[in-house]
Amino acid sequence: MWVSTKAQYGLRALIEIARRGGEAVPLKDVSERQGISQHYLEQIASNLRRAGFIKSIRGAHGGYRLARPPHEINAYDVVTAMEGSIAPVQCVEDDHVCDSQNVCGTQSLWYRVDTALRDVLGSTTLADLIEESDRQQHARLVQLEPHYPPLG
């Protein structure tokens, strides 16, 4: 199972846009901060806009902003909008009928993997990802502070 760069970058772009509150964020800014090709990001932004995650703002101070608050956008919805199905194997697709279900010894495993993946992504919002990222950044900054031995 592999999550494409399109889905990974889509989440990163949404987080970058969310961090700016309601401000319109130019894709050039997102591209530079995240190290993602602006051309590729334009394709991703088009998908995110069609899926209803971001709105395009025109004009001199234009760019993109979230269409909904960060706590209302979950990773599962973003990943599936960018990827389509994320089922680990075809037999657990929502609309797939498995021909080997009577003889396959692994189907229940794949259903558990699929359920776990949906649960983790579905219960993780952009707000959660931002908070987690902020905690990690704070921890890195604390580690960078010099530690001097006590005087005396």
# chains A, B, ... in the order shown; residues from 1 in each chain; ligands from 1
>>> select_by_dssp(residues="chain A", states="strand (DSSP E or B)", output="ChimeraX atom specification")
/A:25,54-57,63-66,74,125
>>> residues_around(residues="A:Glu72", least_positions_apart="2", cutoff="9 Å", atoms="only C-alpha atoms", output="PyMOL selection string")
chain A and resi 68-70+74+125-127
>>> residues_around(residues="A:Gly52", least_positions_apart="4", cutoff="12 Å", atoms="only C-alpha atoms", output="short mmCIF file (atom, residue, chain, number, x, y, z; two decimals) with N, CA and C atoms, in the first residue's frame")
data_model
loop_
_atom_site.label_atom_id
_atom_site.label_comp_id
_atom_site.auth_asym_id
_atom_site.auth_seq_id
_atom_site.Cartn_x
_atom_site.Cartn_y
_atom_site.Cartn_z
N LEU A 14 -2.80 21.88 2.20
CA LEU A 14 -3.94 22.28 3.03
C LEU A 14 -3.48 22.76 4.40
N ALA A 45 -3.93 21.67 -6.41
CA ALA A 45 -4.89 22.68 -5.96
C ALA A 45 -6.19 22.58 -6.76
N SER A 46 -6.09 22.29 -8.02
CA SER A 46 -7.29 22.13 -8.85
C SER A 46 -8.15 20.98 -8.32
N ASN A 47 -7.51 19.87 -7.97
CA ASN A 47 -8.24 18.72 -7.39
C ASN A 47 -8.84 19.08 -6.04
N LEU A 48 -8.07 19.79 -5.21
CA LEU A 48 -8.55 20.18 -3.88
C LEU A 48 -9.73 21.14 -3.99
N SER A 56 -10.78 29.43 -4.40
CA SER A 56 -9.88 30.31 -5.12
C SER A 56 -10.31 31.76 -4.91
N TYR A 64 -5.45 30.99 -2.34
CA TYR A 64 -6.41 29.98 -1.89
C TYR A 64 -6.61 30.09 -0.40
N ARG A 65 -7.79 29.75 0.03
CA ARG A 65 -8.08 29.61 1.46
C ARG A 65 -8.97 28.39 1.63
N LEU A 66 -9.02 27.90 2.86
CA LEU A 66 -9.85 26.72 3.13
C LEU A 66 -11.32 27.05 2.91
N ALA A 67 -12.04 26.08 2.41
CA ALA A 67 -13.49 26.24 2.21
C ALA A 67 -14.25 25.90 3.48
N ARG A 68 -13.58 25.16 4.39
CA ARG A 68 -14.18 24.78 5.68
C ARG A 68 -13.12 24.93 6.76
N PRO A 69 -13.53 25.00 8.01
CA PRO A 69 -12.54 25.08 9.10
C PRO A 69 -11.66 23.81 9.14
N GLU A 72 -12.92 20.46 10.38
CA GLU A 72 -13.96 19.79 9.59
C GLU A 72 -13.40 19.05 8.37
N ILE A 73 -12.10 19.09 8.18
CA ILE A 73 -11.46 18.41 7.05
C ILE A 73 -10.60 17.30 7.60
N ASP A 77 -10.76 11.99 3.86
CA ASP A 77 -11.44 12.65 2.76
C ASP A 77 -10.45 13.24 1.76
N VAL A 78 -9.37 13.82 2.27
CA VAL A 78 -8.37 14.41 1.38
C VAL A 78 -7.66 13.32 0.58
N ALA A 81 -9.93 11.82 -2.00
CA ALA A 81 -10.20 12.77 -3.08
C ALA A 81 -9.03 12.82 -4.06
N MET A 82 -7.83 12.66 -3.55
CA MET A 82 -6.65 12.71 -4.40
C MET A 82 -6.31 11.36 -5.04
#
>>> residues_around(residues="A:Glu93", least_positions_apart="2", cutoff="12 Å", atoms="only C-alpha atoms", output="ChimeraX atom specification")
/A:84-91,95-98,107,110-111,114-115
>>> select_by_dssp(residues="stretch 65-129 of chain A", states="alpha helix (DSSP H)", output="VMD selection string")
chain A and resid 75 to 83 107 to 122 126 to 129
>>> write_last_selection(atoms="N, CA and C atoms", output="mmCIF file, in the first residue's frame")
data_model
loop_
_atom_site.group_PDB
_atom_site.id
_atom_site.type_symbol
_atom_site.label_atom_id
_atom_site.label_comp_id
_atom_site.auth_asym_id
_atom_site.auth_seq_id
_atom_site.Cartn_x
_atom_site.Cartn_y
_atom_site.Cartn_z
ATOM 1 N N ALA A 75 -8.173 13.692 7.084
ATOM 2 C CA ALA A 75 -7.163 13.147 6.177
ATOM 3 C C ALA A 75 -7.760 12.103 5.234
ATOM 4 N N TYR A 76 -8.709 11.307 5.704
ATOM 5 C CA TYR A 76 -9.323 10.285 4.842
ATOM 6 C C TYR A 76 -9.987 10.934 3.631
ATOM 7 N N ASP A 77 -10.758 11.988 3.863
ATOM 8 C CA ASP A 77 -11.445 12.655 2.756
ATOM 9 C C ASP A 77 -10.452 13.245 1.762
ATOM 10 N N VAL A 78 -9.370 13.824 2.265
ATOM 11 C CA VAL A 78 -8.365 14.412 1.380
ATOM 12 C C VAL A 78 -7.662 13.320 0.580
ATOM 13 N N VAL A 79 -7.208 12.281 1.251
ATOM 14 C CA VAL A 79 -6.471 11.217 0.566
ATOM 15 C C VAL A 79 -7.348 10.538 -0.485
ATOM 16 N N THR A 80 -8.588 10.243 -0.148
ATOM 17 C CA THR A 80 -9.453 9.582 -1.139
ATOM 18 C C THR A 80 -9.839 10.529 -2.273
ATOM 19 N N ALA A 81 -9.931 11.819 -2.000
ATOM 20 C CA ALA A 81 -10.202 12.772 -3.083
ATOM 21 C C ALA A 81 -9.028 12.816 -4.062
ATOM 22 N N MET A 82 -7.834 12.656 -3.545
ATOM 23 C CA MET A 82 -6.647 12.715 -4.398
ATOM 24 C C MET A 82 -6.313 11.361 -5.037
ATOM 25 N N GLU A 83 -6.624 10.274 -4.329
ATOM 26 C CA GLU A 83 -6.198 8.947 -4.755
ATOM 27 C C GLU A 83 -7.306 8.090 -5.350
ATOM 28 N N GLN A 107 -8.702 -12.690 3.639
ATOM 29 C CA GLN A 107 -9.688 -11.623 3.475
ATOM 30 C C GLN A 107 -9.956 -10.860 4.778
ATOM 31 N N SER A 108 -10.075 -11.560 5.883
ATOM 32 C CA SER A 108 -10.360 -10.870 7.148
ATOM 33 C C SER A 108 -9.190 -9.962 7.543
ATOM 34 N N LEU A 109 -7.960 -10.369 7.237
ATOM 35 C CA LEU A 109 -6.796 -9.524 7.493
ATOM 36 C C LEU A 109 -6.918 -8.213 6.720
ATOM 37 N N TRP A 110 -7.229 -8.300 5.443
ATOM 38 C CA TRP A 110 -7.311 -7.099 4.603
ATOM 39 C C TRP A 110 -8.464 -6.197 5.025
ATOM 40 N N TYR A 111 -9.544 -6.775 5.486
ATOM 41 C CA TYR A 111 -10.641 -5.957 6.012
ATOM 42 C C TYR A 111 -10.200 -5.213 7.269
ATOM 43 N N ARG A 112 -9.430 -5.860 8.138
ATOM 44 C CA ARG A 112 -8.939 -5.189 9.349
ATOM 45 C C ARG A 112 -7.968 -4.067 9.000
ATOM 46 N N VAL A 113 -7.076 -4.323 8.032
ATOM 47 C CA VAL A 113 -6.133 -3.294 7.591
ATOM 48 C C VAL A 113 -6.908 -2.107 7.007
ATOM 49 N N ASP A 114 -7.886 -2.392 6.173
ATOM 50 C CA ASP A 114 -8.694 -1.340 5.552
ATOM 51 C C ASP A 114 -9.439 -0.525 6.616
ATOM 52 N N THR A 115 -10.026 -1.215 7.575
ATOM 53 C CA THR A 115 -10.759 -0.536 8.644
ATOM 54 C C THR A 115 -9.827 0.338 9.480
ATOM 55 N N ALA A 116 -8.654 -0.175 9.821
ATOM 56 C CA ALA A 116 -7.698 0.593 10.620
ATOM 57 C C ALA A 116 -7.246 1.845 9.865
ATOM 58 N N LEU A 117 -6.977 1.685 8.590
ATOM 59 C CA LEU A 117 -6.543 2.813 7.770
ATOM 60 C C LEU A 117 -7.630 3.881 7.700
ATOM 61 N N ARG A 118 -8.854 3.456 7.452
ATOM 62 C CA ARG A 118 -9.976 4.401 7.400
ATOM 63 C C ARG A 118 -10.190 5.086 8.754
ATOM 64 N N ASP A 119 -10.057 4.317 9.834
ATOM 65 C CA ASP A 119 -10.249 4.885 11.175
ATOM 66 C C ASP A 119 -9.196 5.940 11.501
ATOM 67 N N VAL A 120 -7.926 5.638 11.228
ATOM 68 C CA VAL A 120 -6.847 6.579 11.546
ATOM 69 C C VAL A 120 -6.974 7.835 10.694
ATOM 70 N N LEU A 121 -7.122 7.668 9.389
ATOM 71 C CA LEU A 121 -7.232 8.833 8.514
ATOM 72 C C LEU A 121 -8.525 9.605 8.768
ATOM 73 N N GLY A 122 -9.609 8.885 9.010
ATOM 74 C CA GLY A 122 -10.900 9.531 9.222
ATOM 75 C C GLY A 122 -11.001 10.281 10.533
ATOM 76 N N LEU A 126 -7.241 18.245 9.830
ATOM 77 C CA LEU A 126 -6.160 19.196 9.576
ATOM 78 C C LEU A 126 -5.759 19.891 10.870
ATOM 79 N N ALA A 127 -6.744 20.220 11.699
ATOM 80 C CA ALA A 127 -6.437 20.859 12.982
ATOM 81 C C ALA A 127 -5.538 19.950 13.825
ATOM 82 N N ASP A 128 -5.807 18.648 13.827
ATOM 83 C CA ASP A 128 -4.968 17.699 14.564
ATOM 84 C C ASP A 128 -3.540 17.695 14.016
ATOM 85 N N LEU A 129 -3.417 17.673 12.685
ATOM 86 C CA LEU A 129 -2.100 17.640 12.057
ATOM 87 C C LEU A 129 -1.309 18.904 12.349
#
>>> closest_residue(among="A:Ser123, A:Ser100, A:Thr106, A:Gln43", to="A:Ala7", atoms="only C-alpha atoms")
A:Gln43
>>> residues_around(residues="A:Lys6", least_positions_apart="2", cutoff="7 Å", atoms="only C-alpha atoms", output="MDAnalysis selection string")
chainID A and resid 4 8:10 44 82
